[in-house]
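Here the structure is laid out as C-alpha cells; the discussion comes afterwards.
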Amino acid sequence: MRGSRALPLAPSRPLLRPRLRAALVAYLFLAPALVLLSAFTFAPLAFGTLLAFADYNVLRPPRWVGLENFRFLVEDPAFGVALRNSLRYLLVVPAIQLAALLLALLVNRRLVGILLFRAAYYVPVITSFAVAGLMWNWMYAQHGVVNWVGLRLGLLPRPFEWLNHPTLALYAVMLVTFWKGIGYYMVLYLAGLQAVPRELEEAARVDGAGRLQVFLFVTLPLLRPTLLLCTLLSTLAALKVFEEVYVMTGGGPFGQTATALLYVYQKAFQEFRWGLAAAAGLLVAVIGLLFSALHVWVFREGGLRPW
Amino acid sequence: MRRGVGIALILFLLTPWVRAGTSDITLEFWTISLRPFFTDYITELIRTYERQNPGVRVRWVDQPVDAVGQKLLASLAAGTPPDVVNLNVPMAAELAQQEGLRALDGLLRPEDRTRYFDGMLRSFRIRGQIYGLPWYVAPPVVAYNVEVWRRAGLDPDRPPRTTDELIAYARRIKDRTGLYGFMPNVNGTNLLQRFQEAGLPVLEKGRAVFHSPHHVRELQKWVQLFQQDYFPEDTLRRGYLGATERYTAGQLGMLITGPQFLLRVRHDNLAVYHRTRVGPYPLDRGQVIHAPLMGLSVPRTTRHPREAVRFALYVTDDRNQLAFCRIVTIFPTARAAARDPFFTQIPPNPTPEDRARILDARQLPLARDLTVVVPHQGELMKAFRDNIEAAFFGRKTPQQALEDAVRYWNARL
C-alpha cells in the first residue's frame, strides 16, 4: 500500500443547506403544536367562517345562503345595540390599565406584608364569573350593600335596582369587569416593572431626574411591550365580554345590556340560528383584528410617544 | 381444511360478543337537578328496572337545569345523545321544532296514552305529534308569612281567592308594613300564561292576537303596580329565584311558587318556614292554572327508541310517580296515582307541604302547562319579553308594546 496514493476525499456535502436544515428542525419542533392548532383553532375558524354564509341549526346540514346573514345583522336593531354596547365596553380599557399600573407601582416595593396585598388584589382574578356575578348581584340589589353605602353617604336619593336600569346596568357590569380584571393586569405590570434594569433608573437619578421624570422617561418607555400586551388583551377582552353580562343581567332589561358576544350566544343556543351567530361572531373577530392592528401600530418602535 | 377450522374458530370466538351486542343495551337517562336530594329514589328506580329487564342497563346522568339544553344540543350534534331525557315543555317544544326529538305516537299503545291526564299529555303535543311523556307537575300555591300578614292587619285564615284579592292584599302589605307583598309571575314570558289565566287568548288560527283592549288592560294593571312600587324591581330580572330568596329572608309577604320550593325555605330559614302558611293559587277569569310540567322525551337519533319509550313509561307509571310524590311535594301526571288517599287525606300535625299537597291536588283538574308553542320559539319569545320589559320601564306604552310584539310574531308565524 506504501506506493499507492490515497484518493483525495471529496468534502462531504451536507444533505441540506444549513438554513434549510435549521428551518426544517424548527418546523419539526413546531409540528405537534401546529397539528393541535390546526385541529382546534384553524379548522373551527374556517368552519365558522363558512357557516357565516349558511343557514345551520346543528341538527340539519348547513344550507348556503350567501350574504343573507350579514344583511339580517345590518338590519337587526338588537345587533346594533349589542355592538354599540361592546364598543362602549372599551371604556373599561383605559381605566383598568391606569389603575393596574398604579397598583403595580404601589405593590412594587419592599414593604412588610406586601405579598399579602399582591395576593389580595389577585383573588378576584381567580374567582369564577358565576360566583363573582352572584356576589355582585346581591351587592347591587335594592337591599344590597351598594345602596346601603350610597344612602348612608347621602349619594343616592333612593335605592336603585342597579342591574335593572336600562342605562346604568351596563356601567354597573363594567365595574365588575374592572374589579375582576385589575389584579391580572397588575401582575403583568409588576413583572414588567421588575424587569426594568435598576441601573438605568439609578443613573437617571444621579443625573438629577426626579421620581416622575424617571418614571416618564426611563420606566415607561421600557414598559412598552408590557403596555402593548396589556392594552391589547384588555381591548379584546372588552370586545368579547360575555360572562358577566350573561350572569348579571342576561342582556336585559329589554336587551339594553346585551353585548355582541351575548347576541351570538342567544342566536346560537337559544334560537338555534348558528349561521347567523357565526356571521355575528365573524364581524366581532374582524373588529378585534382591526383594534389589534391599531394597537400594534400605536405601540410600534418609534410610534406614538405619549411620554 | 385448516382455513375452515380457522374460520370456525373465529366465528366461535366472535359469537358470544355478537350475542352480547344484540341483547345487552345501555340506556342513558338524563334528569334535571335531582342530585343529591333524590339520588336514592332514582338509583332504586333504575335498579328495579334493570332487575325486571335483564339485558338492559341504565346509565343515569343528572344535569344542572341551566346546562341541560346546551348539553343535549351538543350531544345531538355529536351523535351521542341520551336515550331518555327529562325536559320541560318549552325545552321540548324548541327541540322538537329543530327536529332534535322523536315523535312518540307510533311507539305508544292506546292504553299508554290514557294513563295520563289528557291536558298534560296534550302539552307535549307539538306540530300535531307527541314529543314527551308527562312525568310530574307542580301547580303553584301561595305561601304567606303570617307574621307579616298580622302586621298588615290581614287574617291568616283567609288567603286570597282571586287575582284581584291577591293584588289588594299585596298593596295592603306594602302600605302597612313597608315590605313588598308579592313578586308576581309577570317576568319574561310569564305574562303569556297570565293572559290565559285571565281568560284571554294568545293565538287564534295560527295568528297572534294578544293586543286587544283586554290584553292591554291586563298588562297596564301590572305595569301600574310596578311603577307604583308594589312589587320589587328585581321581579323582572330574577323571577321566582329572587322571590324565594326574598321570602326566605322574611322580606316578602307572599310567595307564589311551586310547593316544592317550600323545601328551600325550610332549609335556608327555619324561622320563616315556621311562620309560613299555604293557600290555594288564586283563580282568574280563565279558571285555569299554569302548572309547569316536566316530561320525558326521546332524542331523534337514539339507537334504542322502543326500549327508551318503555323505560320512560316505567318511570312515569302510577307506582313510581306516587313514590316520587311521597318524597317531594310534586304531583302525578297519571290519573290513577292522583286518586291515591295520599293526595286527599291531611295527616295529623300537617306541615306547610302537607297543606300544599292537599290544596294543589284539589286544583289539579284546573292545572295545565300553558306554555305557548310557536315556530321560532326562542326568537318570538325574546321579542315578546323585550317588548313587555320596555312597557314596564316606560319606554313603550302597554298598547304599543303589545302591538309591536304581535306584529313581530305575525311576520314570523
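All residue names refer to the C-alpha cells as shown: chains lettered A, B, ... in order, residues numbered from 1 in each chain, ligands numbered from 1 in order.
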Interface list for chain A, partner chain B, 7 Å threshold, only C-alpha atoms, as a ChimeraX atom specification: /A:58-59,161,164,253-255,269-271
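Pairwise distance (CA of Thr257 in chain A, CA of Gly144 in chain A) equals 20.7 Å.
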Point-to-point distance in Å for CA of Val186 in chain B and CA of Trp135 in chain B: 25.7 Å
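Taking CA of Arg84 in chain A as the reference point, CA of Ala43 in chain A is found at 29.6 Å.
Taking only C-alpha atoms, the non-local environment of Leu168 in chain A within 12 Å (same-chain residues fewer than 5 positions away omitted) comprises A:Tyr140, A:Phe160, A:Glu161, A:Trp162, A:Leu163, A:Val173, A:Met174, A:Leu175, A:Thr249, A:Gly252, A:Pro253, A:Gln256, A:Thr257.
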Just the selected residues (C-alpha atoms), exported as a PDB file, in the first residue's frame, please.
```pdb
ATOM      1  CA  TYR A 140     -76.307  45.723  43.636  1.00  0.00           C
ATOM      2  CA  PHE A 160     -81.557  51.772  42.851  1.00  0.00           C
ATOM      3  CA  GLU A 161     -82.023  48.377  41.287  1.00  0.00           C
ATOM      4  CA  TRP A 162     -78.711  48.887  39.501  1.00  0.00           C
ATOM      5  CA  LEU A 163     -78.859  45.857  37.264  1.00  0.00           C
ATOM      6  CA  VAL A 173     -71.466  45.389  34.983  1.00  0.00           C
ATOM      7  CA  MET A 174     -68.397  47.244  33.670  1.00  0.00           C
ATOM      8  CA  LEU A 175     -67.399  47.971  37.261  1.00  0.00           C
ATOM      9  CA  THR A 249     -78.354  40.899  33.527  1.00  0.00           C
ATOM     10  CA  GLY A 252     -81.880  42.842  29.907  1.00  0.00           C
ATOM     11  CA  PRO A 253     -83.810  44.935  30.555  1.00  0.00           C
ATOM     12  CA  GLN A 256     -80.264  47.131  26.587  1.00  0.00           C
ATOM     13  CA  THR A 257     -77.208  45.487  28.180  1.00  0.00           C
TER      14      THR A 257
END
```
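Taking the backbone of this structure through DSSP, the residues of range 272-319 of chain B that come out as helix (DSSP H, G or I) are B:Val272, B:Tyr273, B:His274, B:Pro305, B:Arg306, B:Glu307, B:Ala308, B:Val309, B:Arg310, B:Phe311, B:Ala312, B:Leu313, B:Tyr314, B:Val315, B:Asp318, B:Arg319.
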8 Å contact set for range 286-294 of chain B, only C-alpha atoms, chain neighbours under 2 positions out, as a ChimeraX atom specification: /B:86-89,120,134-140,193,196-200,281,283-284,296,366-370
Grab the residues selected above and save them as a compact mmCIF listing (two decimals), in the first residue's frame with N, CA, C and O atoms.
```txt
# COMPACT_ATOMS: atom_id res chain seq x y z
N ASN B 86 -85.07 14.23 30.49
CA ASN B 86 -86.08 14.99 31.22
C ASN B 86 -86.08 16.43 30.67
O ASN B 86 -85.07 17.11 30.70
N LEU B 87 -87.22 16.86 30.13
CA LEU B 87 -87.32 18.23 29.61
C LEU B 87 -88.63 18.85 30.08
O LEU B 87 -89.61 18.13 30.28
N ASN B 88 -88.66 20.18 30.20
CA ASN B 88 -89.95 20.82 30.43
C ASN B 88 -90.58 21.14 29.07
O ASN B 88 -89.95 20.90 28.02
N VAL B 89 -91.77 21.67 29.09
CA VAL B 89 -92.48 21.87 27.81
C VAL B 89 -91.76 22.86 26.88
O VAL B 89 -91.59 22.56 25.69
N MET B 120 -102.37 17.21 30.15
CA MET B 120 -100.92 17.18 30.36
C MET B 120 -100.20 16.50 29.19
O MET B 120 -99.15 16.96 28.75
N PRO B 134 -95.63 13.03 30.10
CA PRO B 134 -95.62 13.86 31.30
C PRO B 134 -95.12 13.06 32.50
O PRO B 134 -95.52 11.90 32.68
N TRP B 135 -94.25 13.67 33.32
CA TRP B 135 -93.65 12.96 34.44
C TRP B 135 -94.19 13.49 35.77
O TRP B 135 -94.76 12.76 36.55
N TYR B 136 -93.98 14.78 36.00
CA TYR B 136 -94.55 15.35 37.22
C TYR B 136 -94.88 16.81 37.00
O TYR B 136 -94.37 17.43 36.07
N VAL B 137 -95.76 17.32 37.85
CA VAL B 137 -96.26 18.66 37.67
C VAL B 137 -96.29 19.34 39.03
O VAL B 137 -96.39 18.66 40.06
N ALA B 138 -96.17 20.64 39.02
CA ALA B 138 -96.16 21.35 40.30
C ALA B 138 -97.00 22.62 40.19
O ALA B 138 -96.47 23.70 39.93
N PRO B 139 -98.33 22.49 40.36
CA PRO B 139 -99.16 23.70 40.30
C PRO B 139 -98.76 24.65 41.44
O PRO B 139 -98.40 24.18 42.52
N PRO B 140 -98.79 25.95 41.20
CA PRO B 140 -98.34 26.88 42.23
C PRO B 140 -99.34 27.00 43.38
O PRO B 140 -100.52 26.70 43.22
N GLN B 193 -98.82 33.36 29.99
CA GLN B 193 -99.63 32.45 30.80
C GLN B 193 -100.67 33.22 31.60
O GLN B 193 -101.79 32.78 31.78
N GLN B 196 -103.70 33.87 29.62
CA GLN B 196 -104.59 32.70 29.52
C GLN B 196 -105.33 32.46 30.83
O GLN B 196 -106.50 32.09 30.83
N GLU B 197 -104.65 32.68 31.96
CA GLU B 197 -105.32 32.53 33.25
C GLU B 197 -106.43 33.57 33.40
O GLU B 197 -107.41 33.33 34.09
N ALA B 198 -106.25 34.72 32.73
CA ALA B 198 -107.29 35.75 32.77
C ALA B 198 -108.35 35.52 31.70
O ALA B 198 -109.20 36.38 31.46
N GLY B 199 -108.28 34.38 31.02
CA GLY B 199 -109.29 34.03 30.02
C GLY B 199 -109.08 34.71 28.69
O GLY B 199 -110.01 34.83 27.88
N LEU B 200 -107.88 35.19 28.43
CA LEU B 200 -107.61 35.89 27.17
C LEU B 200 -106.78 35.00 26.23
O LEU B 200 -105.84 34.36 26.68
N TYR B 281 -103.79 28.65 44.92
CA TYR B 281 -103.43 29.66 43.91
C TYR B 281 -104.71 30.40 43.51
O TYR B 281 -105.71 29.77 43.16
N LEU B 283 -107.58 32.12 41.60
CA LEU B 283 -108.05 31.92 40.22
C LEU B 283 -108.45 33.24 39.58
O LEU B 283 -108.86 34.17 40.26
N ASP B 284 -108.30 33.27 38.26
CA ASP B 284 -108.74 34.44 37.50
C ASP B 284 -109.89 34.00 36.59
O ASP B 284 -110.35 32.86 36.65
N LEU B 296 -90.64 13.34 29.95
CA LEU B 296 -89.51 12.55 29.46
C LEU B 296 -89.60 12.46 27.94
O LEU B 296 -90.65 12.06 27.40
N LEU B 366 -107.67 21.78 37.22
CA LEU B 366 -107.60 23.09 36.54
C LEU B 366 -106.18 23.37 36.03
O LEU B 366 -105.96 24.34 35.32
N ALA B 367 -105.24 22.52 36.43
CA ALA B 367 -103.83 22.78 36.08
C ALA B 367 -103.51 22.32 34.66
O ALA B 367 -103.94 21.25 34.23
N ARG B 368 -102.79 23.15 33.97
CA ARG B 368 -102.36 22.81 32.61
C ARG B 368 -101.06 23.57 32.34
O ARG B 368 -100.89 24.68 32.86
N ASP B 369 -100.17 23.01 31.57
CA ASP B 369 -98.99 23.77 31.19
C ASP B 369 -99.40 24.70 30.05
O ASP B 369 -99.72 24.24 28.96
N LEU B 370 -99.44 26.01 30.35
CA LEU B 370 -99.96 26.96 29.37
C LEU B 370 -98.85 27.56 28.49
O LEU B 370 -99.06 28.59 27.86
```
